[in-house]
Amino acid sequence: HTETEKYFTENNFFGLQPDAVRIFEQFTLPVMDRETGKILLEQPGKVAISPDGNGGLYRALYETGIMQQMKQNGVKWIYVYAVDNILVKMVDPVFVGYCARMGTDCAVKALEKPDPK
């Protein structure tokens with residue numbers, strides 16, 4: 001968290017107004033073994049934890065109050081993508097426009113992975 005704030009400050013918030021930027025910490029979950037479903041330990045007596053992933057964004061926006069701030073500031077749309085997807089088109093205007101025209105509350109673009117492992 002502190003490193004992210006420092007990075008934004010050092011880079012003058014990339015031209016944005018500092019008070020328009022909200023930085024928050026991602027929540028975490030216990031790490032589970034995919035095969036057994038058992039919770040893994042980092043060391044004896046200490047549960048291993050990991051960030052809660054892309055889906056955790058919505059909980060974080062809500063629980064930190066950022067969702068409410070966005071509503072108060074008139075934000076109608078947010079565009080979210082998985083950071084580990086190198087093929088994603090950043091803020092796809094055609095997709096966002098289509099969603100706006102269709103009046104959707106939520107929309108997803110996805111492809112099936114040929115090999116999920």
# chains A, B, ... in the order shown; residues from 1 in each chain; ligands from 1
$ residues_around --residues "Val108 of chain A" --least-positions-apart "6" --cutoff "10 Å" --atoms "only C-alpha atoms" --output "short mmCIF file (atom, residue, chain, number, x, y, z; two decimals) with C-alpha atoms, in the first residue's frame"
data_model
loop_
_atom_site.label_atom_id
_atom_site.label_comp_id
_atom_site.auth_asym_id
_atom_site.auth_seq_id
_atom_site.Cartn_x
_atom_site.Cartn_y
_atom_site.Cartn_z
CA VAL A 80 -12.47 -3.92 -15.00
CA TYR A 81 -10.13 -6.47 -16.54
CA PHE A 95 -17.71 -2.89 -25.71
CA CYS A 99 -23.16 -2.14 -22.82
#
$ residues_around --residues "segment 8-20 of chain A" --least-positions-apart "5" --cutoff "12 Å" --atoms "only C-alpha atoms" --output "number ranges by chain"
A: 1-3, 66, 69-70, 73, 75
$ write_last_selection --atoms "C-alpha atoms" --output "PDB file, in the first residue's frame"
ATOM      1  CA  HIS A   1       0.000   0.000   0.000  1.00  0.00           C
ATOM      2  CA  THR A   2       2.692   2.457   1.040  1.00  0.00           C
ATOM      3  CA  GLU A   3       4.838   1.581  -1.994  1.00  0.00           C
ATOM      4  CA  ILE A  66     -15.171   3.853  -2.658  1.00  0.00           C
ATOM      5  CA  GLN A  69     -17.870   7.895  -3.361  1.00  0.00           C
ATOM      6  CA  MET A  70     -18.090   6.950  -7.044  1.00  0.00           C
ATOM      7  CA  ASN A  73     -19.279  11.752  -7.926  1.00  0.00           C
ATOM      8  CA  VAL A  75     -19.621   7.673 -11.903  1.00  0.00           C
TER       9      VAL A  75
END
$ select_by_dssp --residues "segment 16-95 of chain A" --states "alpha helix (DSSP H)" --output "list in words"
Gly56, Leu57, Tyr58, Arg59, Ala60, Leu61, Tyr62, Glu63, Ile66, Met67, Gln68, Gln69, Met70, Lys71, Gln72, Pro93, Val94 and Phe95 of chain A
$ write_last_selection --atoms "N, CA, C and O atoms" --output "PDB file, in the first residue's frame"
ATOM      1  N   GLY A  56     -12.345 -10.023  -5.924  1.00  0.00           N
ATOM      2  CA  GLY A  56     -12.321  -9.309  -4.655  1.00  0.00           C
ATOM      3  C   GLY A  56     -12.422  -7.802  -4.803  1.00  0.00           C
ATOM      4  O   GLY A  56     -12.664  -7.091  -3.830  1.00  0.00           O
ATOM      5  N   LEU A  57     -12.257  -7.319  -6.023  1.00  0.00           N
ATOM      6  CA  LEU A  57     -12.339  -5.880  -6.256  1.00  0.00           C
ATOM      7  C   LEU A  57     -13.679  -5.315  -5.809  1.00  0.00           C
ATOM      8  O   LEU A  57     -13.738  -4.258  -5.174  1.00  0.00           O
ATOM      9  N   TYR A  58     -14.749  -6.012  -6.117  1.00  0.00           N
ATOM     10  CA  TYR A  58     -16.094  -5.483  -5.832  1.00  0.00           C
ATOM     11  C   TYR A  58     -16.342  -5.390  -4.330  1.00  0.00           C
ATOM     12  O   TYR A  58     -16.895  -4.401  -3.856  1.00  0.00           O
ATOM     13  N   ARG A  59     -15.897  -6.378  -3.592  1.00  0.00           N
ATOM     14  CA  ARG A  59     -16.009  -6.323  -2.128  1.00  0.00           C
ATOM     15  C   ARG A  59     -15.189  -5.158  -1.590  1.00  0.00           C
ATOM     16  O   ARG A  59     -15.655  -4.397  -0.735  1.00  0.00           O
ATOM     17  N   ALA A  60     -13.977  -5.001  -2.114  1.00  0.00           N
ATOM     18  CA  ALA A  60     -13.104  -3.931  -1.642  1.00  0.00           C
ATOM     19  C   ALA A  60     -13.694  -2.554  -1.949  1.00  0.00           C
ATOM     20  O   ALA A  60     -13.671  -1.663  -1.093  1.00  0.00           O
ATOM     21  N   LEU A  61     -14.233  -2.381  -3.152  1.00  0.00           N
ATOM     22  CA  LEU A  61     -14.855  -1.098  -3.498  1.00  0.00           C
ATOM     23  C   LEU A  61     -16.012  -0.784  -2.555  1.00  0.00           C
ATOM     24  O   LEU A  61     -16.192   0.358  -2.136  1.00  0.00           O
ATOM     25  N   TYR A  62     -16.795  -1.796  -2.230  1.00  0.00           N
ATOM     26  CA  TYR A  62     -17.947  -1.595  -1.359  1.00  0.00           C
ATOM     27  C   TYR A  62     -17.507  -1.337   0.082  1.00  0.00           C
ATOM     28  O   TYR A  62     -17.928  -0.359   0.701  1.00  0.00           O
ATOM     29  N   GLU A  63     -16.665  -2.201   0.618  1.00  0.00           N
ATOM     30  CA  GLU A  63     -16.313  -2.116   2.042  1.00  0.00           C
ATOM     31  C   GLU A  63     -15.412  -0.938   2.385  1.00  0.00           C
ATOM     32  O   GLU A  63     -15.382  -0.506   3.535  1.00  0.00           O
ATOM     33  N   ILE A  66     -15.503   3.256  -1.358  1.00  0.00           N
ATOM     34  CA  ILE A  66     -15.171   3.853  -2.658  1.00  0.00           C
ATOM     35  C   ILE A  66     -16.363   3.772  -3.607  1.00  0.00           C
ATOM     36  O   ILE A  66     -16.611   4.700  -4.380  1.00  0.00           O
ATOM     37  N   MET A  67     -17.129   2.697  -3.546  1.00  0.00           N
ATOM     38  CA  MET A  67     -18.313   2.584  -4.408  1.00  0.00           C
ATOM     39  C   MET A  67     -19.279   3.733  -4.132  1.00  0.00           C
ATOM     40  O   MET A  67     -19.803   4.351  -5.060  1.00  0.00           O
ATOM     41  N   GLN A  68     -19.489   4.042  -2.876  1.00  0.00           N
ATOM     42  CA  GLN A  68     -20.380   5.142  -2.511  1.00  0.00           C
ATOM     43  C   GLN A  68     -19.818   6.479  -3.001  1.00  0.00           C
ATOM     44  O   GLN A  68     -20.552   7.330  -3.495  1.00  0.00           O
ATOM     45  N   GLN A  69     -18.505   6.672  -2.868  1.00  0.00           N
ATOM     46  CA  GLN A  69     -17.870   7.895  -3.361  1.00  0.00           C
ATOM     47  C   GLN A  69     -18.054   8.023  -4.868  1.00  0.00           C
ATOM     48  O   GLN A  69     -18.312   9.119  -5.372  1.00  0.00           O
ATOM     49  N   MET A  70     -17.917   6.913  -5.595  1.00  0.00           N
ATOM     50  CA  MET A  70     -18.090   6.950  -7.044  1.00  0.00           C
ATOM     51  C   MET A  70     -19.518   7.355  -7.399  1.00  0.00           C
ATOM     52  O   MET A  70     -19.737   8.180  -8.291  1.00  0.00           O
ATOM     53  N   LYS A  71     -20.482   6.804  -6.696  1.00  0.00           N
ATOM     54  CA  LYS A  71     -21.884   7.174  -6.945  1.00  0.00           C
ATOM     55  C   LYS A  71     -22.100   8.660  -6.686  1.00  0.00           C
ATOM     56  O   LYS A  71     -22.738   9.351  -7.470  1.00  0.00           O
ATOM     57  N   GLN A  72     -21.562   9.153  -5.567  1.00  0.00           N
ATOM     58  CA  GLN A  72     -21.703  10.571  -5.238  1.00  0.00           C
ATOM     59  C   GLN A  72     -21.042  11.475  -6.270  1.00  0.00           C
ATOM     60  O   GLN A  72     -21.483  12.601  -6.491  1.00  0.00           O
ATOM     61  N   PRO A  93     -13.742   0.851 -26.033  1.00  0.00           N
ATOM     62  CA  PRO A  93     -14.864   1.780 -26.211  1.00  0.00           C
ATOM     63  C   PRO A  93     -16.058   1.157 -26.930  1.00  0.00           C
ATOM     64  O   PRO A  93     -17.198   1.521 -26.648  1.00  0.00           O
ATOM     65  N   VAL A  94     -15.818   0.213 -27.818  1.00  0.00           N
ATOM     66  CA  VAL A  94     -16.928  -0.448 -28.512  1.00  0.00           C
ATOM     67  C   VAL A  94     -17.730  -1.298 -27.523  1.00  0.00           C
ATOM     68  O   VAL A  94     -18.959  -1.245 -27.492  1.00  0.00           O
ATOM     69  N   PHE A  95     -17.035  -2.044 -26.687  1.00  0.00           N
ATOM     70  CA  PHE A  95     -17.709  -2.886 -25.706  1.00  0.00           C
ATOM     71  C   PHE A  95     -18.466  -2.041 -24.685  1.00  0.00           C
ATOM     72  O   PHE A  95     -19.628  -2.307 -24.372  1.00  0.00           O
TER      73      PHE A  95
END
$ residues_around --residues "Gly53 of chain A" --least-positions-apart "6" --cutoff "12 Å" --atoms "only C-alpha atoms" --output "list in words"
Glu25, Gln26, Phe27, Thr28, Leu29, Pro30, Val31, Arg59, Ala60, Tyr81, Ala82, Val83 and Asp84 of chain A
$ atom_distance --atom1 "atom CA of Ile86 of chain A" --atom2 "atom CA of Leu111 of chain A"
13.3 Å
$ atom_distance --atom1 "atom CA of Asp92 of chain A" --atom2 "atom CA of Tyr79 of chain A"
8.5 Å
$ closest_residue --among "A:Gly65, A:Cys106, A:Arg101, A:Glu112" --to "Phe24 of chain A" --atoms "only C-alpha atoms"
A:Gly65
$ select_by_dssp --residues "chain A" --states "strand (DSSP E or B)" --output "MDAnalysis selection string"
chainID A and resid 28:30 32 39 41:43 46:47 49:51
$ atom_distance --atom1 "atom CA of Gly74 of chain A" --atom2 "atom CA of Asp52 of chain A"
27.8 Å
$ closest_residue --among "A:Val21, A:Ile49, A:Leu40, A:Val96" --to "Trp77 of chain A" --atoms "only C-alpha atoms"
A:Val96
$ closest_residue --among "A:Lys109, A:Glu5, A:Lys76, A:Met102" --to "Lys89 of chain A" --atoms "only C-alpha atoms"
A:Lys109
